[in-house]
Amino acid sequence: MWPFIARSLEVATILLIAAIGELLNQRSGVINVGIEGLMLLGAAAGFITASTWGLIPAFIIGMIIGGLFGLIHAILSTSLKVNQVVSGMGIWLFAMGFVTYWADRYSGPLPRGVVSPRIYELSPMFFIALIIVVVIWFVLSKTHLGLKIKSVGENPFAAEVSGVKVIRTRYLCTVIGGMLAGLAGAFLSTTYLGAWSHLPTKGLGWIAFALVMFSLWRPMILLGGALTFGFIWQFAISPETIYAGIPAPLPILRMLPFIATIAVLVIISREKFRKKWALSKPEALGEPYIKE
Amino acid sequence: MISLEALKLKLERIPVVSGGQAVRISLLSLVFSFIIFSIFLSIEGANPIDAYTNIFSFAFDSKLGLPTTLHRGLFLLFSTLAFIIPYSARLWNVGMEGQFYLGTIGAFAVAYSLPTLHPALLIPLMLLSGALFGAGYGALAGYLRGKLNVNEVVGCLMLNNIAFWLVYLLTVGGPWAGIAESTSRPLPPNAHAPIIFYTPFTSYLAVGIAIVLYIFLSKSVLGYKIRVLGNSPTAAQHVGINAPRTYILVMTIGGAIAGLSGYHMWAGDPAFLMIPRPEAYKAIGDLTYWGLIIGLVCLLNPVAAIPTSVFIGSIMVGSTVLVRRLRLPFGLDVLFLGLVSITFAAFQFFYMYRIRRMK
């Protein structure tokens, strides 16, 4: 039972790191639908680095490449005012091609000796992810910087008038979001999977993206969502550890996380639900900031 | 941060980009991506000019790549049209992948259950069933968006992943499993599509749908309503356009078109006539997202999408020679496509702005 829980906590780690980054950049008003692509890039960079240099450099390189493509998204969507969905999709499509070219030649497990340290079978990265969430929660809700970020996401024009550098804030959040997605990818390929196979994210990035919507842009709800979906995802992969006699065939189980996502989205998209929580999405989400 | 002021440049908003400008911007963007890809080719030790000559001479040679170019290109046209209609109402249909899988299921279900039916009846039935399955799946996404207010990008992506596993369920060890590992049974001979001038008849169907949609969007009342809703939901509300119903309608039309591509892809190409193994049908499913790029590059003009789709198809088919003929590393062909798509996305900038030198 415990190995299963440890594995599902590791899936939750991937979701949590990627989603908290996306939450941050959405709070500043930038939506990045290319998160699955950023994870792929981070996963490939991390995997290749880990083969020769070990895990810590792998995470750093994964973050750097994620941040780099976060920066490209920021340039496209913030400075050049390209539609954010188009820019994100472009990055995702590019990542699928580039990662296939770059990493598929290394398909197979990591070399012996590159094994993540584990505390009772759980990667310490889980705790790092928790720390990241707490830090981002703290910054967003308790600091002056957090107030600036939220004001840029709610009403960039008012923010600019009150002296907040809108463009700079959006760049900062989008790059950090990209770095975290890259880190999540590197953790996926080097620690959770420990091997490379063709396009390994398999929709996890999209679930992370959806988690941000469920969370109503609140880090602590996000944490709960990531834990739940980590469990569902891992259950779909190895249901026998919970109950050996599960009659459903594998493909049905693999649909579960996606069906569950739709179900939750339906529930939280109700007007009544939103009003009850007295908050909804950042007002200027997805809108380019155009100074007149 | 890019500071244009420091470079003595300023942005000038273009109110409406004309067709001619769009063509110029797209060509410029292609040139740009070709230059970037040349760097990768050089790194791999290939001569870029030589490589590009090989790519396009293969893609348009009627004895070599042309049939596949047309087939894949018009497959992209189905995806593009499936994107254009919902996007005219400013709805992001990124569910073409799932609608394509469902269309595949719909078409193959008919063929497997009525294998002895006369082709003149069986083939139209397969098309109809594919379109209905795709339409149903599109309608589901439209219902989630229109009635339940679920973001259509996330909703569609979830449905795509579900559909992927649905096909998996049927083919890998499922009721449709063939003798070969992980693929479906071959289609019955009665379901084989006629080939007209190098390409299955469904290619002409795609072109026909493009023309009909062009007229529908620009001339019909319903098309006008869809465009009003897309341009201004508030205005649409004032003139009494039912937004949820229209959202469901456009997604249903989009889904039906994407569903047809399920037949076109697997039953139209004599190289398949079955559903291949999951990695292979997923690789084609991933191509459907090109519909979004092509649709935007063509300014949502269904007729302009015809040549553009075929051209992108020629890159897809032609670039396979890099690996097969020039012995370059695996994946270089998909990298090329990735570069073209990200440059197209970046060059969307020029659809909105002009850079002017400051006086």
# chains A, B, ... in the order shown; residues from 1 in each chain; ligands from 1
call {"tool": "select_by_dssp", "arguments": {"residues": "region 94-216 of chain A", "states": "helix (DSSP H, G or I)", "output": "number ranges by chain"}}
result
A: 94-106, 125-142, 144-154, 156-161, 166-193, 204-214
call {"tool": "interface_residues", "arguments": {"of": "chain A", "to": "chain B", "cutoff": "6 Å", "atoms": "only C-alpha atoms", "output": "PyMOL selection string"}}
result
chain A and resi 80+82+86-87+90-91+93-94+97-98+100-101+251+255+258+269
call {"tool": "write_last_selection", "arguments": {"atoms": "N, CA and C atoms", "output": "mmCIF file, in the first residue's frame"}}
result
data_model
loop_
_atom_site.group_PDB
_atom_site.id
_atom_site.type_symbol
_atom_site.label_atom_id
_atom_site.label_comp_id
_atom_site.auth_asym_id
_atom_site.auth_seq_id
_atom_site.Cartn_x
_atom_site.Cartn_y
_atom_site.Cartn_z
ATOM 1 N N LEU A 80 4.859 41.112 -28.022
ATOM 2 C CA LEU A 80 4.365 41.098 -29.402
ATOM 3 C C LEU A 80 2.848 40.959 -29.463
ATOM 4 N N VAL A 82 0.819 38.568 -29.404
ATOM 5 C CA VAL A 82 0.220 37.441 -30.116
ATOM 6 C C VAL A 82 -0.805 36.814 -29.175
ATOM 7 N N VAL A 86 -2.621 30.931 -29.084
ATOM 8 C CA VAL A 86 -1.847 30.607 -30.287
ATOM 9 C C VAL A 86 -0.381 30.410 -29.927
ATOM 10 N N SER A 87 0.151 31.338 -29.136
ATOM 11 C CA SER A 87 1.553 31.249 -28.754
ATOM 12 C C SER A 87 1.834 29.962 -27.968
ATOM 13 N N GLY A 90 1.669 26.991 -30.253
ATOM 14 C CA GLY A 90 2.862 26.966 -31.097
ATOM 15 C C GLY A 90 4.036 26.365 -30.349
ATOM 16 N N ILE A 91 4.192 26.762 -29.082
ATOM 17 C CA ILE A 91 5.298 26.226 -28.282
ATOM 18 C C ILE A 91 5.105 24.729 -28.042
ATOM 19 N N LEU A 93 3.464 22.535 -29.987
ATOM 20 C CA LEU A 93 3.738 21.798 -31.224
ATOM 21 C C LEU A 93 5.245 21.758 -31.496
ATOM 22 N N PHE A 94 5.921 22.881 -31.240
ATOM 23 C CA PHE A 94 7.363 22.907 -31.434
ATOM 24 C C PHE A 94 8.029 21.901 -30.497
ATOM 25 N N GLY A 97 7.902 18.279 -31.611
ATOM 26 C CA GLY A 97 8.861 17.979 -32.676
ATOM 27 C C GLY A 97 10.280 17.981 -32.167
ATOM 28 N N PHE A 98 10.621 19.025 -31.427
ATOM 29 C CA PHE A 98 12.007 19.183 -30.997
ATOM 30 C C PHE A 98 12.421 18.061 -30.047
ATOM 31 N N THR A 100 11.162 15.052 -29.780
ATOM 32 C CA THR A 100 11.297 13.784 -30.502
ATOM 33 C C THR A 100 12.669 13.701 -31.160
ATOM 34 N N TYR A 101 13.052 14.795 -31.802
ATOM 35 C CA TYR A 101 14.345 14.834 -32.483
ATOM 36 C C TYR A 101 15.499 14.732 -31.493
ATOM 37 N N PRO A 251 -7.379 0.613 -20.691
ATOM 38 C CA PRO A 251 -7.732 1.883 -21.329
ATOM 39 C C PRO A 251 -8.833 2.632 -20.588
ATOM 40 N N MET A 255 -8.607 6.481 -18.804
ATOM 41 C CA MET A 255 -9.512 7.606 -19.096
ATOM 42 C C MET A 255 -9.910 8.343 -17.819
ATOM 43 N N PHE A 258 -9.029 11.972 -16.868
ATOM 44 C CA PHE A 258 -9.579 12.976 -17.783
ATOM 45 C C PHE A 258 -11.078 13.134 -17.559
ATOM 46 N N SER A 269 -17.669 25.159 -12.609
ATOM 47 C CA SER A 269 -18.023 26.195 -13.572
ATOM 48 C C SER A 269 -19.418 26.750 -13.329
#
call {"tool": "residues_around", "arguments": {"residues": "region 141-156 of chain A", "least_positions_apart": "3", "cutoff": "8 Å", "atoms": "only C-alpha atoms", "output": "list of chain:residue names"}}
result
A:Gln26, A:Arg27, A:Ser28, A:Gly29, A:Val30, A:Trp137, A:Phe138, A:Ala159, A:Glu160, A:Val164, A:Val166, A:Thr169, A:Arg170, A:Pro282, A:Glu283, A:Ala284, A:Leu285, A:Tyr289
call {"tool": "residues_around", "arguments": {"residues": "region 32-41 of chain A", "least_positions_apart": "5", "cutoff": "6 Å", "atoms": "only C-alpha atoms", "output": "PyMOL selection string"}}
result
chain A and resi 66+88-89+91-92+95+181-182+185+205
call {"tool": "closest_residue", "arguments": {"among": "A:Gly245, A:Pro3, A:Gly46, A:Gly113", "to": "Gly62 (chain A)", "atoms": "only C-alpha atoms"}}
result
A:Gly46
call {"tool": "residues_around", "arguments": {"residues": "Val212 (chain B)", "least_positions_apart": "5", "cutoff": "10 Å", "atoms": "only C-alpha atoms", "output": "mmCIF file with N, CA, C and O atoms, in the first residue's frame"}}
result
data_model
loop_
_atom_site.group_PDB
_atom_site.id
_atom_site.type_symbol
_atom_site.label_atom_id
_atom_site.label_comp_id
_atom_site.auth_asym_id
_atom_site.auth_seq_id
_atom_site.Cartn_x
_atom_site.Cartn_y
_atom_site.Cartn_z
ATOM 1 N N ALA B 206 -13.379 17.032 -49.151
ATOM 2 C CA ALA B 206 -12.838 18.083 -48.280
ATOM 3 C C ALA B 206 -12.853 19.426 -49.003
ATOM 4 O O ALA B 206 -13.272 20.449 -48.439
ATOM 5 N N VAL B 207 -12.409 19.422 -50.268
ATOM 6 C CA VAL B 207 -12.385 20.659 -51.042
ATOM 7 C C VAL B 207 -13.810 21.193 -51.204
ATOM 8 O O VAL B 207 -14.068 22.393 -51.036
ATOM 9 N N LEU B 217 -20.358 30.788 -44.542
ATOM 10 C CA LEU B 217 -19.921 31.819 -43.595
ATOM 11 C C LEU B 217 -20.120 33.223 -44.131
ATOM 12 O O LEU B 217 -20.488 34.131 -43.395
ATOM 13 N N PRO B 302 -11.954 29.508 -45.591
ATOM 14 C CA PRO B 302 -11.895 28.077 -45.901
ATOM 15 C C PRO B 302 -11.258 27.782 -47.261
ATOM 16 O O PRO B 302 -10.610 26.745 -47.418
ATOM 17 N N VAL B 303 -11.431 28.696 -48.228
ATOM 18 C CA VAL B 303 -10.872 28.423 -49.558
ATOM 19 C C VAL B 303 -9.357 28.606 -49.537
ATOM 20 O O VAL B 303 -8.613 27.792 -50.098
#
call {"tool": "residues_around", "arguments": {"residues": "Gly285 (chain B)", "least_positions_apart": "6", "cutoff": "10 Å", "atoms": "only C-alpha atoms", "output": "list of chain:residue names"}}
result
B:Ser79, B:Met96, B:Glu97, B:Gly98, B:Gln99, B:Phe100, B:Tyr101, B:Asn160, B:Phe164, B:Gly262, B:Glu279
call {"tool": "write_last_selection", "arguments": {"atoms": "N, CA, C and O atoms", "output": "mmCIF file, in the first residue's frame"}}
result
data_model
loop_
_atom_site.group_PDB
_atom_site.id
_atom_site.type_symbol
_atom_site.label_atom_id
_atom_site.label_comp_id
_atom_site.auth_asym_id
_atom_site.auth_seq_id
_atom_site.Cartn_x
_atom_site.Cartn_y
_atom_site.Cartn_z
ATOM 1 N N SER B 79 -9.170 19.104 -40.635
ATOM 2 C CA SER B 79 -8.923 19.656 -39.300
ATOM 3 C C SER B 79 -9.063 21.169 -39.299
ATOM 4 O O SER B 79 -9.577 21.759 -38.346
ATOM 5 N N MET B 96 -10.217 18.634 -32.320
ATOM 6 C CA MET B 96 -10.202 17.905 -33.595
ATOM 7 C C MET B 96 -9.608 16.513 -33.421
ATOM 8 O O MET B 96 -10.013 15.581 -34.084
ATOM 9 N N GLU B 97 -8.632 16.401 -32.519
ATOM 10 C CA GLU B 97 -7.991 15.100 -32.324
ATOM 11 C C GLU B 97 -9.021 14.057 -31.865
ATOM 12 O O GLU B 97 -9.166 13.003 -32.479
ATOM 13 N N GLY B 98 -9.775 14.406 -30.829
ATOM 14 C CA GLY B 98 -10.763 13.472 -30.315
ATOM 15 C C GLY B 98 -11.878 13.213 -31.312
ATOM 16 O O GLY B 98 -12.340 12.083 -31.473
ATOM 17 N N GLN B 99 -12.301 14.278 -32.026
ATOM 18 C CA GLN B 99 -13.371 14.117 -33.012
ATOM 19 C C GLN B 99 -12.912 13.234 -34.165
ATOM 20 O O GLN B 99 -13.682 12.438 -34.707
ATOM 21 N N PHE B 100 -11.639 13.345 -34.508
ATOM 22 C CA PHE B 100 -11.056 12.480 -35.539
ATOM 23 C C PHE B 100 -11.048 11.020 -35.071
ATOM 24 O O PHE B 100 -11.425 10.109 -35.817
ATOM 25 N N TYR B 101 -10.669 10.784 -33.813
ATOM 26 C CA TYR B 101 -10.683 9.408 -33.298
ATOM 27 C C TYR B 101 -12.109 8.854 -33.296
ATOM 28 O O TYR B 101 -12.341 7.711 -33.666
ATOM 29 N N ASN B 160 -10.075 14.691 -25.881
ATOM 30 C CA ASN B 160 -9.107 14.094 -26.800
ATOM 31 C C ASN B 160 -8.407 12.910 -26.161
ATOM 32 O O ASN B 160 -8.236 11.861 -26.778
ATOM 33 N N PHE B 164 -8.554 8.969 -27.228
ATOM 34 C CA PHE B 164 -7.361 8.167 -27.529
ATOM 35 C C PHE B 164 -7.463 6.793 -26.885
ATOM 36 O O PHE B 164 -7.232 5.767 -27.523
ATOM 37 N N GLY B 262 -11.621 10.794 -40.098
ATOM 38 C CA GLY B 262 -11.303 9.445 -39.632
ATOM 39 C C GLY B 262 -11.392 8.441 -40.765
ATOM 40 O O GLY B 262 -10.539 7.555 -40.911
ATOM 41 N N GLU B 279 0.839 4.343 -31.176
ATOM 42 C CA GLU B 279 1.778 5.439 -31.427
ATOM 43 C C GLU B 279 1.526 6.037 -32.803
ATOM 44 O O GLU B 279 1.657 7.239 -33.000
#
call {"tool": "residues_around", "arguments": {"residues": "Leu76 (chain B)", "least_positions_apart": "3", "cutoff": "7 Å", "atoms": "only C-alpha atoms", "output": "ChimeraX atom specification"}}
result
/B:72-73,79-80,288,290-291,309
call {"tool": "write_last_selection", "arguments": {"atoms": "C-alpha atoms", "output": "CSV table (one decimal), in the first residue's frame"}}
result
chain,number,residue,atom,x,y,z
B,72,ARG,CA,-2.1,14.2,-45.7
B,73,GLY,CA,-2.7,17.8,-46.9
B,79,SER,CA,-8.9,19.7,-39.3
B,80,THR,CA,-8.6,23.3,-40.5
B,288,THR,CA,-4.9,17.7,-36.2
B,290,TRP,CA,-2.3,22.1,-37.3
B,291,GLY,CA,-5.9,23.0,-38.1
B,309,SER,CA,-3.1,22.6,-46.1
call {"tool": "select_by_dssp", "arguments": {"residues": "region 22-249 of chain A", "states": "strand (DSSP E or B)", "output": "number ranges by chain"}}
result
A: 108-109, 119, 122, 195-196
call {"tool": "write_last_selection", "arguments": {"atoms": "C-alpha atoms", "output": "PDB file, in the first residue's frame"}}
result
ATOM      1  CA  GLY A 108      15.606   3.609 -22.535  1.00  0.00           C
ATOM      2  CA  PRO A 109      16.337   3.719 -18.802  1.00  0.00           C
ATOM      3  CA  ILE A 119      12.955   8.828   1.991  1.00  0.00           C
ATOM      4  CA  LEU A 122       9.304   8.903  -1.593  1.00  0.00           C
ATOM      5  CA  ALA A 195      13.515   6.200 -18.389  1.00  0.00           C
ATOM      6  CA  TRP A 196      12.818   7.958 -21.663  1.00  0.00           C
TER       7      TRP A 196
END
